[in-house]
$ cat target.pdb   # PDB, C-alpha atoms
MODEL        1
ATOM      1  CA  MET Y   1     167.172 -88.067 103.021
ATOM      2  CA  LYS Y   2     164.766 -86.616 100.472
ATOM      3  CA  ILE Y   3     163.507 -88.540  97.432
ATOM      4  CA  ASP Y   4     161.649 -86.341  94.961
ATOM      5  CA  ALA Y   5     159.016 -88.645  93.499
ATOM      6  CA  PHE Y   6     157.792 -86.514  90.569
ATOM      7  CA  CYS Y   7     160.503 -84.824  88.491
ATOM      8  CA  HIS Y   8     160.706 -84.277  84.744
ATOM      9  CA  ILE Y   9     163.610 -84.758  82.372
ATOM     10  CA  MET Y  10     164.476 -84.964  78.677
ATOM     11  CA  PRO Y  11     167.608 -87.077  78.245
ATOM     12  CA  ARG Y  12     169.768 -85.890  75.374
ATOM     13  CA  PRO Y  13     168.837 -88.683  72.879
ATOM     14  CA  TYR Y  14     165.125 -88.065  73.517
ATOM     15  CA  TYR Y  15     165.501 -84.276  73.395
ATOM     16  CA  ASP Y  16     167.352 -84.370  70.084
ATOM     17  CA  ARG Y  17     164.802 -86.684  68.448
ATOM     18  CA  PHE Y  18     161.930 -84.611  69.858
ATOM     19  CA  PHE Y  19     163.240 -81.497  68.124
ATOM     20  CA  GLU Y  20     163.578 -83.367  64.822
ATOM     21  CA  LEU Y  21     159.886 -84.259  64.678
ATOM     22  CA  ASP Y  22     157.225 -82.312  62.826
ATOM     23  CA  VAL Y  23     154.745 -81.956  65.689
ATOM     24  CA  ALA Y  24     151.234 -80.530  66.069
ATOM     25  CA  VAL Y  25     150.678 -76.983  67.306
ATOM     26  CA  HIS Y  26     149.978 -77.868  70.947
ATOM     27  CA  ALA Y  27     153.113 -80.025  71.136
ATOM     28  CA  ALA Y  28     155.052 -77.212  69.495
ATOM     29  CA  ASN Y  29     153.908 -74.883  72.289
ATOM     30  CA  LEU Y  30     155.429 -77.213  74.868
ATOM     31  CA  ARG Y  31     158.543 -77.577  72.726
ATOM     32  CA  LYS Y  32     159.018 -73.835  73.101
ATOM     33  CA  ARG Y  33     158.641 -74.237  76.853
ATOM     34  CA  VAL Y  34     161.162 -77.043  77.308
ATOM     35  CA  SER Y  35     163.743 -75.377  75.059
ATOM     36  CA  ASN Y  36     164.047 -72.628  77.681
ATOM     37  CA  ILE Y  37     164.800 -74.993  80.608
ATOM     38  CA  PRO Y  38     168.438 -76.126  80.361
ATOM     39  CA  SER Y  39     168.292 -78.511  83.340
ATOM     40  CA  LEU Y  40     165.824 -80.739  81.503
ATOM     41  CA  VAL Y  41     168.627 -81.922  79.248
ATOM     42  CA  ASP Y  42     171.939 -80.604  80.616
ATOM     43  CA  MET Y  43     172.911 -82.787  83.572
ATOM     44  CA  ASP Y  44     175.747 -80.513  84.653
ATOM     45  CA  VAL Y  45     173.223 -77.724  85.173
ATOM     46  CA  ARG Y  46     170.791 -80.073  86.863
ATOM     47  CA  PHE Y  47     173.327 -81.546  89.260
ATOM     48  CA  ALA Y  48     174.624 -78.116  90.245
ATOM     49  CA  GLN Y  49     171.057 -77.157  91.172
ATOM     50  CA  MET Y  50     170.505 -80.376  93.118
ATOM     51  CA  ASP Y  51     173.641 -79.763  95.206
ATOM     52  CA  GLU Y  52     171.738 -77.109  97.167
ATOM     53  CA  PHE Y  53     169.571 -79.770  98.808
ATOM     54  CA  GLY Y  54     172.137 -82.139 100.295
ATOM     55  CA  ASP Y  55     171.005 -85.769 100.573
ATOM     56  CA  TYR Y  56     168.472 -85.401  97.789
ATOM     57  CA  ARG Y  57     167.650 -87.676  94.821
ATOM     58  CA  GLN Y  58     164.983 -87.743  92.143
ATOM     59  CA  ILE Y  59     162.669 -90.244  90.504
ATOM     60  CA  ILE Y  60     162.519 -89.019  86.922
ATOM     61  CA  ASN Y  61     160.029 -89.233  84.080
ATOM     62  CA  ILE Y  62     159.834 -87.886  80.544
ATOM     63  CA  ALA Y  63     158.589 -84.301  80.360
ATOM     64  CA  ALA Y  64     155.414 -83.302  78.509
ATOM     65  CA  PRO Y  65     154.126 -83.372  75.852
ATOM     66  CA  PRO Y  66     152.919 -86.986  75.870
ATOM     67  CA  VAL Y  67     154.471 -89.218  73.228
ATOM     68  CA  GLU Y  68     150.941 -89.777  71.899
ATOM     69  CA  ASP Y  69     150.920 -86.125  70.788
ATOM     70  CA  LEU Y  70     154.087 -86.420  68.719
ATOM     71  CA  GLY Y  71     152.689 -88.249  65.692
ATOM     72  CA  SER Y  72     151.599 -91.762  64.769
ATOM     73  CA  PRO Y  73     151.571 -94.771  67.123
ATOM     74  CA  ALA Y  74     154.847 -95.792  65.519
ATOM     75  CA  ILE Y  75     156.380 -92.487  66.637
ATOM     76  CA  SER Y  76     154.929 -92.966  70.125
ATOM     77  CA  LYS Y  77     156.589 -96.370  70.427
ATOM     78  CA  GLU Y  78     159.885 -95.068  69.105
ATOM     79  CA  MET Y  79     159.942 -92.121  71.509
ATOM     80  CA  ALA Y  80     158.909 -94.220  74.502
ATOM     81  CA  ARG Y  81     161.756 -96.644  73.874
ATOM     82  CA  ILE Y  82     164.302 -93.842  73.433
ATOM     83  CA  GLY Y  83     163.060 -92.202  76.618
ATOM     84  CA  ASN Y  84     163.108 -95.350  78.720
ATOM     85  CA  GLU Y  85     166.533 -96.538  77.639
ATOM     86  CA  SER Y  86     167.968 -93.045  78.114
ATOM     87  CA  MET Y  87     166.483 -92.661  81.600
ATOM     88  CA  ALA Y  88     167.696 -96.125  82.595
ATOM     89  CA  GLU Y  89     171.198 -95.121  81.514
ATOM     90  CA  LEU Y  90     171.060 -91.943  83.585
ATOM     91  CA  VAL Y  91     169.938 -93.897  86.655
ATOM     92  CA  ARG Y  92     172.736 -96.455  86.158
ATOM     93  CA  ASP Y  93     175.362 -93.762  85.666
ATOM     94  CA  HIS Y  94     174.192 -91.450  88.486
ATOM     95  CA  PRO Y  95     172.650 -93.495  91.331
ATOM     96  CA  ASP Y  96     173.611 -90.740  93.762
ATOM     97  CA  ARG Y  97     171.374 -88.332  91.814
ATOM     98  CA  PHE Y  98     168.537 -90.491  90.528
ATOM     99  CA  ALA Y  99     166.733 -93.004  92.734
ATOM    100  CA  GLY Y 100     164.947 -94.428  89.689
ATOM    101  CA  PHE Y 101     162.609 -93.648  86.831
ATOM    102  CA  THR Y 102     159.072 -94.342  85.693
ATOM    103  CA  ALA Y 103     158.450 -95.602  82.200
ATOM    104  CA  CYS Y 104     157.156 -93.696  79.220
ATOM    105  CA  VAL Y 105     154.410 -95.805  77.611
ATOM    106  CA  PRO Y 106     152.681 -95.322  74.199
ATOM    107  CA  MET Y 107     149.052 -95.363  75.301
ATOM    108  CA  ASP Y 108     147.723 -94.756  71.769
ATOM    109  CA  ASP Y 109     148.589 -98.440  71.231
ATOM    110  CA  PRO Y 110     147.521-100.220  74.441
ATOM    111  CA  ASP Y 111     149.165-103.525  73.503
ATOM    112  CA  ALA Y 112     152.422-101.692  72.835
ATOM    113  CA  ALA Y 113     152.021 -99.852  76.150
ATOM    114  CA  VAL Y 114     151.820-103.168  78.017
ATOM    115  CA  ALA Y 115     154.852-104.478  76.132
ATOM    116  CA  GLU Y 116     156.855-101.320  76.843
ATOM    117  CA  LEU Y 117     155.867-101.408  80.519
ATOM    118  CA  ASP Y 118     157.086-104.996  80.757
ATOM    119  CA  TYR Y 119     160.356-104.137  79.022
ATOM    120  CA  ALA Y 120     160.963-101.048  81.126
ATOM    121  CA  VAL Y 121     160.198-102.765  84.440
ATOM    122  CA  GLU Y 122     161.749-106.172  83.816
ATOM    123  CA  GLU Y 123     164.759-105.226  81.686
ATOM    124  CA  LEU Y 124     165.497-101.614  82.592
ATOM    125  CA  GLY Y 125     164.400-101.501  86.236
ATOM    126  CA  ALA Y 126     161.631 -98.892  85.994
ATOM    127  CA  TYR Y 127     159.593 -98.235  89.148
ATOM    128  CA  GLY Y 128     156.289 -97.940  87.318
ATOM    129  CA  ALA Y 129     154.980 -95.708  84.535
ATOM    130  CA  GLN Y 130     153.719 -92.226  83.822
ATOM    131  CA  ILE Y 131     150.469 -91.733  81.921
ATOM    132  CA  TYR Y 132     148.369 -88.691  81.080
ATOM    133  CA  THR Y 133     144.752 -87.821  81.799
ATOM    134  CA  HIS Y 134     143.597 -88.677  78.280
ATOM    135  CA  VAL Y 135     144.969 -90.029  75.018
ATOM    136  CA  ASN Y 136     144.115 -87.735  72.107
ATOM    137  CA  GLY Y 137     140.880 -86.853  73.897
ATOM    138  CA  ARG Y 138     139.982 -90.456  74.739
ATOM    139  CA  PRO Y 139     139.136 -91.010  78.445
ATOM    140  CA  MET Y 140     141.401 -93.286  80.418
ATOM    141  CA  ASP Y 141     138.592 -95.511  81.691
ATOM    142  CA  ASP Y 142     138.094 -96.829  78.145
ATOM    143  CA  ALA Y 143     137.923-100.630  78.112
ATOM    144  CA  ARG Y 144     140.932-100.900  75.814
ATOM    145  CA  PHE Y 145     143.199 -99.774  78.684
ATOM    146  CA  GLU Y 146     142.059-102.537  81.046
ATOM    147  CA  ALA Y 147     144.984-104.856  80.291
ATOM    148  CA  PHE Y 148     147.416-102.030  80.997
ATOM    149  CA  TYR Y 149     145.886-101.334  84.409
ATOM    150  CA  GLU Y 150     145.937-105.029  85.203
ATOM    151  CA  ARG Y 151     149.625-105.308  84.336
ATOM    152  CA  MET Y 152     150.404-102.055  86.121
ATOM    153  CA  ALA Y 153     148.768-103.288  89.331
ATOM    154  CA  ALA Y 154     150.631-106.594  89.128
ATOM    155  CA  SER Y 155     153.966-104.798  88.701
ATOM    156  CA  GLY Y 156     153.697-103.152  92.123
ATOM    157  CA  GLY Y 157     155.015 -99.869  90.715
ATOM    158  CA  LEU Y 158     153.710 -96.328  90.839
ATOM    159  CA  LEU Y 159     151.322 -95.112  88.163
ATOM    160  CA  GLN Y 160     152.196 -91.439  87.918
ATOM    161  CA  VAL Y 161     149.336 -89.404  86.439
ATOM    162  CA  HIS Y 162     150.086 -86.103  84.719
ATOM    163  CA  PRO Y 163     147.521 -83.623  83.339
ATOM    164  CA  CYS Y 164     147.253 -82.904  79.639
ATOM    165  CA  ARG Y 165     145.349 -80.115  77.931
ATOM    166  CA  SER Y 166     146.156 -77.428  75.379
ATOM    167  CA  SER Y 167     144.742 -74.082  74.308
ATOM    168  CA  ALA Y 168     142.579 -75.989  71.810
ATOM    169  CA  TRP Y 169     140.343 -76.918  74.768
ATOM    170  CA  SER Y 170     138.431 -73.662  74.936
ATOM    171  CA  ASP Y 171     137.057 -72.080  78.087
ATOM    172  CA  TYR Y 172     133.600 -71.678  76.537
ATOM    173  CA  PRO Y 173     131.873 -73.570  73.701
ATOM    174  CA  THR Y 174     131.491 -70.365  71.684
ATOM    175  CA  GLU Y 175     135.253 -69.702  71.548
ATOM    176  CA  PRO Y 176     137.915 -71.442  69.445
ATOM    177  CA  ARG Y 177     140.702 -71.500  72.052
ATOM    178  CA  SER Y 178     141.340 -71.078  75.756
ATOM    179  CA  ARG Y 179     142.582 -67.632  76.707
ATOM    180  CA  TYR Y 180     145.106 -66.377  79.289
ATOM    181  CA  GLU Y 181     146.530 -69.908  79.673
ATOM    182  CA  ILE Y 182     143.437 -70.887  81.640
ATOM    183  CA  TRP Y 183     143.822 -74.264  79.903
ATOM    184  CA  TRP Y 184     146.965 -74.743  82.038
ATOM    185  CA  THR Y 185     146.220 -73.019  85.350
ATOM    186  CA  PHE Y 186     142.756 -74.478  85.898
ATOM    187  CA  GLY Y 187     142.315 -76.843  82.962
ATOM    188  CA  TRP Y 188     145.082 -79.211  83.957
ATOM    189  CA  GLU Y 189     143.655 -79.490  87.470
ATOM    190  CA  TYR Y 190     140.203 -80.261  86.117
ATOM    191  CA  ASP Y 191     141.714 -82.927  83.871
ATOM    192  CA  LEU Y 192     143.401 -84.634  86.827
ATOM    193  CA  SER Y 193     140.200 -84.547  88.852
ATOM    194  CA  ALA Y 194     138.110 -85.896  85.974
ATOM    195  CA  PHE Y 195     140.622 -88.710  85.452
ATOM    196  CA  MET Y 196     140.345 -89.661  89.119
ATOM    197  CA  ALA Y 197     136.559 -89.668  89.021
ATOM    198  CA  ARG Y 198     136.417 -91.768  85.874
ATOM    199  CA  ILE Y 199     138.703 -94.492  87.225
ATOM    200  CA  VAL Y 200     136.639 -94.547  90.418
ATOM    201  CA  PHE Y 201     133.181 -94.824  88.867
ATOM    202  CA  SER Y 202     134.268 -97.113  86.020
ATOM    203  CA  GLY Y 203     135.557 -99.551  88.630
ATOM    204  CA  VAL Y 204     139.263 -99.499  87.732
ATOM    205  CA  LEU Y 205     140.218 -99.284  91.420
ATOM    206  CA  GLU Y 206     137.508-101.764  92.414
ATOM    207  CA  ARG Y 207     138.889-104.335  89.977
ATOM    208  CA  HIS Y 208     142.536-103.513  90.653
ATOM    209  CA  PRO Y 209     142.844-102.571  94.332
ATOM    210  CA  ASP Y 210     146.633-102.992  94.200
ATOM    211  CA  LEU Y 211     146.988-100.195  91.651
ATOM    212  CA  LYS Y 212     149.055 -97.304  93.038
ATOM    213  CA  PRO Y 213     148.069 -94.106  91.202
ATOM    214  CA  LEU Y 214     150.309 -91.174  92.136
ATOM    215  CA  ILE Y 215     148.274 -88.097  91.285
ATOM    216  CA  HIS Y 216     150.242 -84.979  90.472
ATOM    217  CA  HIS Y 217     149.664 -81.618  92.177
ATOM    218  CA  GLY Y 218     148.464 -82.934  95.511
ATOM    219  CA  GLY Y 219     145.433 -84.780  94.176
ATOM    220  CA  SER Y 220     144.337 -81.635  92.389
ATOM    221  CA  MET Y 221     140.787 -80.431  93.170
ATOM    222  CA  VAL Y 222     139.690 -83.468  95.178
ATOM    223  CA  PRO Y 223     140.946 -82.628  98.701
ATOM    224  CA  HIS Y 224     139.726 -79.032  98.368
ATOM    225  CA  PHE Y 225     136.209 -80.186  97.480
ATOM    226  CA  ALA Y 226     136.000 -83.152  99.843
ATOM    227  CA  GLY Y 227     132.400 -82.315 100.779
ATOM    228  CA  ARG Y 228     131.285 -82.584  97.177
ATOM    229  CA  VAL Y 229     133.359 -85.719  96.608
ATOM    230  CA  GLY Y 230     132.026 -87.284  99.818
ATOM    231  CA  PRO Y 231     128.413 -86.478 100.783
ATOM    232  CA  GLY Y 232     127.814 -84.916  97.386
ATOM    233  CA  TRP Y 233     128.679 -88.027  95.375
ATOM    234  CA  ASP Y 234     126.941 -90.231  97.928
ATOM    235  CA  GLN Y 235     123.819 -88.836  96.225
ATOM    236  CA  LEU Y 236     124.941 -89.797  92.708
ATOM    237  CA  GLY Y 237     121.947 -89.627  90.384
ATOM    238  CA  ALA Y 238     119.918 -87.182  92.462
ATOM    239  CA  ARG Y 239     120.666 -84.406  89.962
ATOM    240  CA  THR Y 240     120.190 -86.448  86.782
ATOM    241  CA  PRO Y 241     116.853 -86.868  84.957
ATOM    242  CA  GLU Y 242     115.606 -90.350  84.137
ATOM    243  CA  ASP Y 243     116.208 -89.990  80.390
ATOM    244  CA  GLN Y 244     119.933 -89.454  81.136
ATOM    245  CA  LYS Y 245     120.216 -92.269  83.651
ATOM    246  CA  GLU Y 246     122.962 -94.011  81.686
ATOM    247  CA  ASP Y 247     125.254 -91.056  82.449
ATOM    248  CA  VAL Y 248     125.423 -92.047  86.128
ATOM    249  CA  GLU Y 249     125.472 -95.814  85.750
ATOM    250  CA  GLY Y 250     128.917 -97.309  86.276
ATOM    251  CA  TYR Y 251     130.665-100.338  87.680
ATOM    252  CA  PRO Y 252     129.100-101.729  90.890
ATOM    253  CA  LEU Y 253     131.163-100.303  93.743
ATOM    254  CA  THR Y 254     131.457-101.853  97.189
ATOM    255  CA  LYS Y 255     132.480 -98.660  99.006
ATOM    256  CA  ARG Y 256     131.572 -95.004  99.090
ATOM    257  CA  PRO Y 257     133.118 -93.109  96.151
ATOM    258  CA  ILE Y 258     135.276 -91.003  98.459
ATOM    259  CA  GLU Y 259     137.028 -94.107  99.777
ATOM    260  CA  TYR Y 260     138.389 -94.935  96.331
ATOM    261  CA  PHE Y 261     139.772 -91.428  95.982
ATOM    262  CA  LYS Y 262     141.561 -91.947  99.292
ATOM    263  CA  GLN Y 263     143.156 -95.146  97.969
ATOM    264  CA  MET Y 264     145.251 -93.023  95.631
ATOM    265  CA  TYR Y 265     148.596 -91.434  96.421
ATOM    266  CA  VAL Y 266     149.484 -87.803  95.767
ATOM    267  CA  ASP Y 267     152.587 -85.650  95.569
ATOM    268  CA  THR Y 268     153.326 -82.260  97.111
ATOM    269  CA  ALA Y 269     153.853 -80.300  93.874
ATOM    270  CA  MET Y 270     151.805 -77.247  94.821
ATOM    271  CA  PHE Y 271     154.351 -74.601  93.749
ATOM    272  CA  GLY Y 272     154.897 -73.124  97.188
ATOM    273  CA  ALA Y 273     151.270 -73.005  98.375
ATOM    274  CA  ALA Y 274     151.663 -74.359 101.917
ATOM    275  CA  ASN Y 275     147.925 -74.189 102.646
ATOM    276  CA  ALA Y 276     147.232 -76.434  99.659
ATOM    277  CA  VAL Y 277     149.891 -78.930 100.781
ATOM    278  CA  ARG Y 278     148.287 -79.026 104.241
ATOM    279  CA  CYS Y 279     144.853 -79.631 102.707
ATOM    280  CA  SER Y 280     146.156 -82.569 100.674
ATOM    281  CA  ILE Y 281     147.815 -84.113 103.726
ATOM    282  CA  ASP Y 282     144.648 -83.674 105.792
ATOM    283  CA  PHE Y 283     142.561 -85.450 103.147
ATOM    284  CA  TYR Y 284     144.861 -88.283 102.087
ATOM    285  CA  GLY Y 285     146.776 -88.820 105.311
ATOM    286  CA  VAL Y 286     150.537 -88.723 105.801
ATOM    287  CA  ASP Y 287     150.930 -92.309 104.528
ATOM    288  CA  HIS Y 288     149.533 -91.453 101.085
ATOM    289  CA  VAL Y 289     151.544 -88.291 100.376
ATOM    290  CA  LEU Y 290     154.927 -88.406  98.603
ATOM    291  CA  PHE Y 291     157.389 -85.541  98.339
ATOM    292  CA  GLY Y 292     157.322 -84.364  94.723
ATOM    293  CA  SER Y 293     158.362 -80.972  93.395
ATOM    294  CA  ASP Y 294     157.528 -80.892  89.650
ATOM    295  CA  SER Y 295     161.092 -79.714  89.039
ATOM    296  CA  PRO Y 296     162.373 -78.053  86.869
ATOM    297  CA  TYR Y 297     159.345 -75.935  85.861
ATOM    298  CA  ASP Y 298     159.686 -73.124  88.384
ATOM    299  CA  PRO Y 299     160.674 -69.556  87.447
ATOM    300  CA  GLU Y 300     164.297 -70.389  88.317
ATOM    301  CA  ARG Y 301     164.153 -73.352  85.894
ATOM    302  CA  GLY Y 302     165.147 -75.976  88.393
ATOM    303  CA  PRO Y 303     165.616 -75.410  92.129
ATOM    304  CA  GLY Y 304     162.726 -73.076  92.991
ATOM    305  CA  TYR Y 305     159.905 -75.583  93.433
ATOM    306  CA  ILE Y 306     162.199 -78.024  95.229
ATOM    307  CA  ARG Y 307     163.136 -75.348  97.732
ATOM    308  CA  SER Y 308     159.588 -74.066  98.257
ATOM    309  CA  THR Y 309     158.136 -77.573  98.624
ATOM    310  CA  ILE Y 310     160.700 -78.504 101.263
ATOM    311  CA  LYS Y 311     159.875 -75.261 103.091
ATOM    312  CA  ASN Y 312     156.147 -76.028 102.878
ATOM    313  CA  LEU Y 313     156.583 -79.450 104.461
ATOM    314  CA  GLN Y 314     158.645 -77.936 107.253
ATOM    315  CA  GLU Y 315     156.104 -75.209 108.064
ATOM    316  CA  VAL Y 316     152.676 -76.889 107.985
ATOM    317  CA  GLY Y 317     152.799 -78.420 111.447
ATOM    318  CA  LEU Y 318     154.145 -81.904 110.749
ATOM    319  CA  THR Y 319     156.231 -83.780 113.282
ATOM    320  CA  GLU Y 320     159.770 -84.731 112.281
ATOM    321  CA  ALA Y 321     158.639 -88.339 111.856
ATOM    322  CA  GLU Y 322     155.772 -87.253 109.602
ATOM    323  CA  GLN Y 323     158.138 -85.156 107.514
ATOM    324  CA  ASP Y 324     160.455 -88.140 107.109
ATOM    325  CA  THR Y 325     157.524 -90.293 106.041
ATOM    326  CA  ILE Y 326     156.655 -87.852 103.253
ATOM    327  CA  PHE Y 327     160.215 -86.943 102.275
ATOM    328  CA  HIS Y 328     161.319 -90.552 101.784
ATOM    329  CA  GLY Y 329     159.476 -93.119 103.893
ATOM    330  CA  ASN Y 330     156.422 -93.606 101.698
ATOM    331  CA  VAL Y 331     158.218 -93.912  98.383
ATOM    332  CA  THR Y 332     160.811 -96.215  99.959
ATOM    333  CA  ARG Y 333     158.046 -98.441 101.321
ATOM    334  CA  LEU Y 334     155.980 -98.465  98.146
ATOM    335  CA  LEU Y 335     158.868 -99.206  95.788
ATOM    336  CA  GLY Y 336     161.258-101.129  98.019
ATOM    337  CA  LEU Y 337     164.003 -98.552  97.581
ATOM    338  CA  THR Y 338     167.250 -98.756  99.491
ATOM    339  CA  ALA Y 339     169.821 -96.145 100.337
ATOM    340  CA  GLU Y 340     171.903 -97.342  97.371
ATOM    341  CA  ALA Y 341     169.193 -97.618  94.703
TER     342      ALA Y 341
ENDMDL
END
$ encode --input "target.pdb" --output "structure tokens"
Amino acid sequence: MKIDAFCHIMPRPYYDRFFELDVAVHAANLRKRVSNIPSLVDMDVRFAQMDEFGDYRQIINIAAPPVEDLGSPAISKEMARIGNESMAELVRDHPDRFAGFTACVPMDDPDAAVAELDYAVEELGAYGAQIYTHVNGRPMDDARFEAFYERMAASGGLLQVHPCRSSAWSDYPTEPRSRYEIWWTFGWEYDLSAFMARIVFSGVLERHPDLKPLIHHGGSMVPHFAGRVGPGWDQLGARTPEDQKEDVEGYPLTKRPIEYFKQMYVDTAMFGAANAVRCSIDFYGVDHVLFGSDSPYDPERGPGYIRSTIKNLQEVGLTEAEQDTIFHGNVTRLLGLTAEA
């Protein structure tokens, strides 16, 4: 059995409403992207692709852009509700295809995000929520998100974390836009890593140790720079002058910073880079890695990243038991999944 714990979708009602909206330029860029991926919205195409992988199911979430980028908070709430009810319907109608979904939440209105999380989990059966690495440029360790993290931890579900950046985030301060899609290739990975650091040093994981962040793309930069995250951050403040001391003052932590990073969970969505998958497993441990493909954003528009990720996990030296733990054991344990649900 294989349960893909990080897959994107745009159910038809959401997709149609999304294309009706008058969106900002960066959201329009992603609208161009999703319009060229039929399996995001056409379930016949999607299911035909999934057939290649046998006993294989997906946990789905709403594809980027974030609902917060689509307009006002009222639009965010509307789109989140459409997305959640549509995903719940797909899961009910196709339990052999979809093991579950994670909720879309309007984080530009934190009270509404808590309410939508409650509705999605308690009424629709969501297995957690997906958030992004910032909300309109606002960092996710802002105090106004505290109630959401508290409720998220109490729910027992996964908190999927997806990167978010556009070409408006330039590569250099002297330039108006990022070039060569650097904002995506490297920028999204920086955003994930910065999110992780901010929730560590602001004490989100200290205050909410039951929170289960599932970080996309194998934990991003963190496992590859473990020496900087570990011994490097053990010396926090050594590089900062006294007149900037407030920049390194955070919540009082009871453990080394690196230990909080290791509390998180990560997926295997590394786009066929087996060495990167191995690095993530070595850092986080088999018990904190979940099979996730980032489907359907591969060049084949659906099956490519699923196929390459399965191959990666079969070729990086894992035992059969370790493969089973990553392919389905961890997500089953964390979410209480059964063979039928």
$ closest_residue --input "target.pdb" --among "Y:Leu318, Y:Met79, Y:Val248, Y:Ala115" --to "Arg278 in chain Y" --atoms "only C-alpha atoms"
Y:Leu318
$ closest_residue --input "target.pdb" --among "Y:Asn84, Y:Thr309, Y:Gln323, Y:Asn29" --to "Gly125 in chain Y" --atoms "only C-alpha atoms"
Y:Asn84
$ closest_residue --input "target.pdb" --among "Y:Tyr15, Y:Tyr172, Y:Phe327, Y:Tyr56" --to "Ile37 in chain Y" --atoms "all atoms listed in the file"
Y:Tyr15
$ resolve_selection --input "target.pdb" --expression "the PyMOL selection byres ((chain Y and resi 91-105) around 7)" --output "JSON, numbers by chain"
{"Y": [57, 58, 59, 60, 61, 62, 80, 83, 84, 87, 88, 89, 90, 106, 107, 113, 116, 117, 120, 126, 127, 128, 129, 130, 341]}
$ residues_near_point --input "target.pdb" --point "(141.8, -105.3, 93.3)" --cutoff "12 Å" --atoms "all atoms listed in the file" --output "PyMOL selection string"
chain Y and resi 149-154+203-212+253-254+260+263
$ closest_residue --input "target.pdb" --among "Y:Ser295, Y:Gln160, Y:Thr174, Y:Ser202" --to "Ala143 in chain Y" --atoms "all atoms listed in the file"
Y:Ser202
$ residues_around --input "target.pdb" --residues "Ser39 in chain Y" --least-positions-apart "2" --cutoff "8 Å" --atoms "all atoms listed in the file" --output "CSV table (one decimal) with C-alpha atoms, in the coordinates of the input"
chain,number,residue,atom,x,y,z
Y,9,ILE,CA,163.6,-84.8,82.4
Y,37,ILE,CA,164.8,-75.0,80.6
Y,41,VAL,CA,168.6,-81.9,79.2
Y,42,ASP,CA,171.9,-80.6,80.6
Y,43,MET,CA,172.9,-82.8,83.6
Y,44,ASP,CA,175.7,-80.5,84.7
Y,45,VAL,CA,173.2,-77.7,85.2
Y,46,ARG,CA,170.8,-80.1,86.9
Y,296,PRO,CA,162.4,-78.1,86.9
Y,301,ARG,CA,164.2,-73.4,85.9
Y,302,GLY,CA,165.1,-76.0,88.4
$ axis_aligned_box --input "target.pdb" --around "range 106-116 of chain Y" --padding-each-side "8 Å" --output "lines of an AutoDock Vina configuration file"
center_x = 152.2
center_y = -99.6
center_z = 74.6
size_x = 25.3
size_y = 25.7
size_z = 22.8
$ resolve_selection --input "target.pdb" --expression "the PyMOL selection byres ((chain Y and resi 220) around 10)" --output "PyMOL selection string"
chain Y and resi 163+186+188-194+196+215-219+221-225+266-267+269-270+276+280
$ atom_distance --input "target.pdb" --atom1 "CA of Ile310 in chain Y" --atom2 "CA of Asp4 in chain Y"
10.1 Å
$ atom_distance --input "target.pdb" --atom1 "CA of Gly292 in chain Y" --atom2 "CA of Pro65 in chain Y"
19.2 Å
$ closest_residue --input "target.pdb" --among "Y:Glu259, Y:Thr240, Y:Gly156, Y:Pro66" --to "Phe283 in chain Y" --atoms "only C-alpha atoms"
Y:Glu259
$ closest_residue --input "target.pdb" --among "Y:Arg144, Y:Arg228, Y:Arg165, Y:His328" --to "Gly187 in chain Y" --atoms "only C-alpha atoms"
Y:Arg165
$ resolve_selection --input "target.pdb" --expression "the PyMOL selection byres ((chain Y and resi 299) around 12)" --output "PDB file with C-alpha atoms, in the coordinates of the input"
ATOM      1  CA  ARG Y  33     158.641 -74.237  76.853  1.00  0.00           C
ATOM      2  CA  ASN Y  36     164.047 -72.628  77.681  1.00  0.00           C
ATOM      3  CA  ILE Y  37     164.800 -74.993  80.608  1.00  0.00           C
ATOM      4  CA  PHE Y 271     154.351 -74.601  93.749  1.00  0.00           C
ATOM      5  CA  GLY Y 272     154.897 -73.124  97.188  1.00  0.00           C
ATOM      6  CA  ASP Y 294     157.528 -80.892  89.650  1.00  0.00           C
ATOM      7  CA  SER Y 295     161.092 -79.714  89.039  1.00  0.00           C
ATOM      8  CA  PRO Y 296     162.373 -78.053  86.869  1.00  0.00           C
ATOM      9  CA  TYR Y 297     159.345 -75.935  85.861  1.00  0.00           C
ATOM     10  CA  ASP Y 298     159.686 -73.124  88.384  1.00  0.00           C
ATOM     11  CA  GLU Y 300     164.297 -70.389  88.317  1.00  0.00           C
ATOM     12  CA  ARG Y 301     164.153 -73.352  85.894  1.00  0.00           C
ATOM     13  CA  GLY Y 302     165.147 -75.976  88.393  1.00  0.00           C
ATOM     14  CA  PRO Y 303     165.616 -75.410  92.129  1.00  0.00           C
ATOM     15  CA  GLY Y 304     162.726 -73.076  92.991  1.00  0.00           C
ATOM     16  CA  TYR Y 305     159.905 -75.583  93.433  1.00  0.00           C
ATOM     17  CA  ILE Y 306     162.199 -78.024  95.229  1.00  0.00           C
ATOM     18  CA  SER Y 308     159.588 -74.066  98.257  1.00  0.00           C
TER      19      SER Y 308
END
$ atom_distance --input "target.pdb" --atom1 "CA of Asn330 in chain Y" --atom2 "CA of Gly317 in chain Y"
18.4 Å
$ residues_near_point --input "target.pdb" --point "(148.8, -74.2, 105.9)" --cutoff "9 Å" --atoms "all atoms listed in the file" --output "ChimeraX atom specification"
/Y:273-279,312,315-317
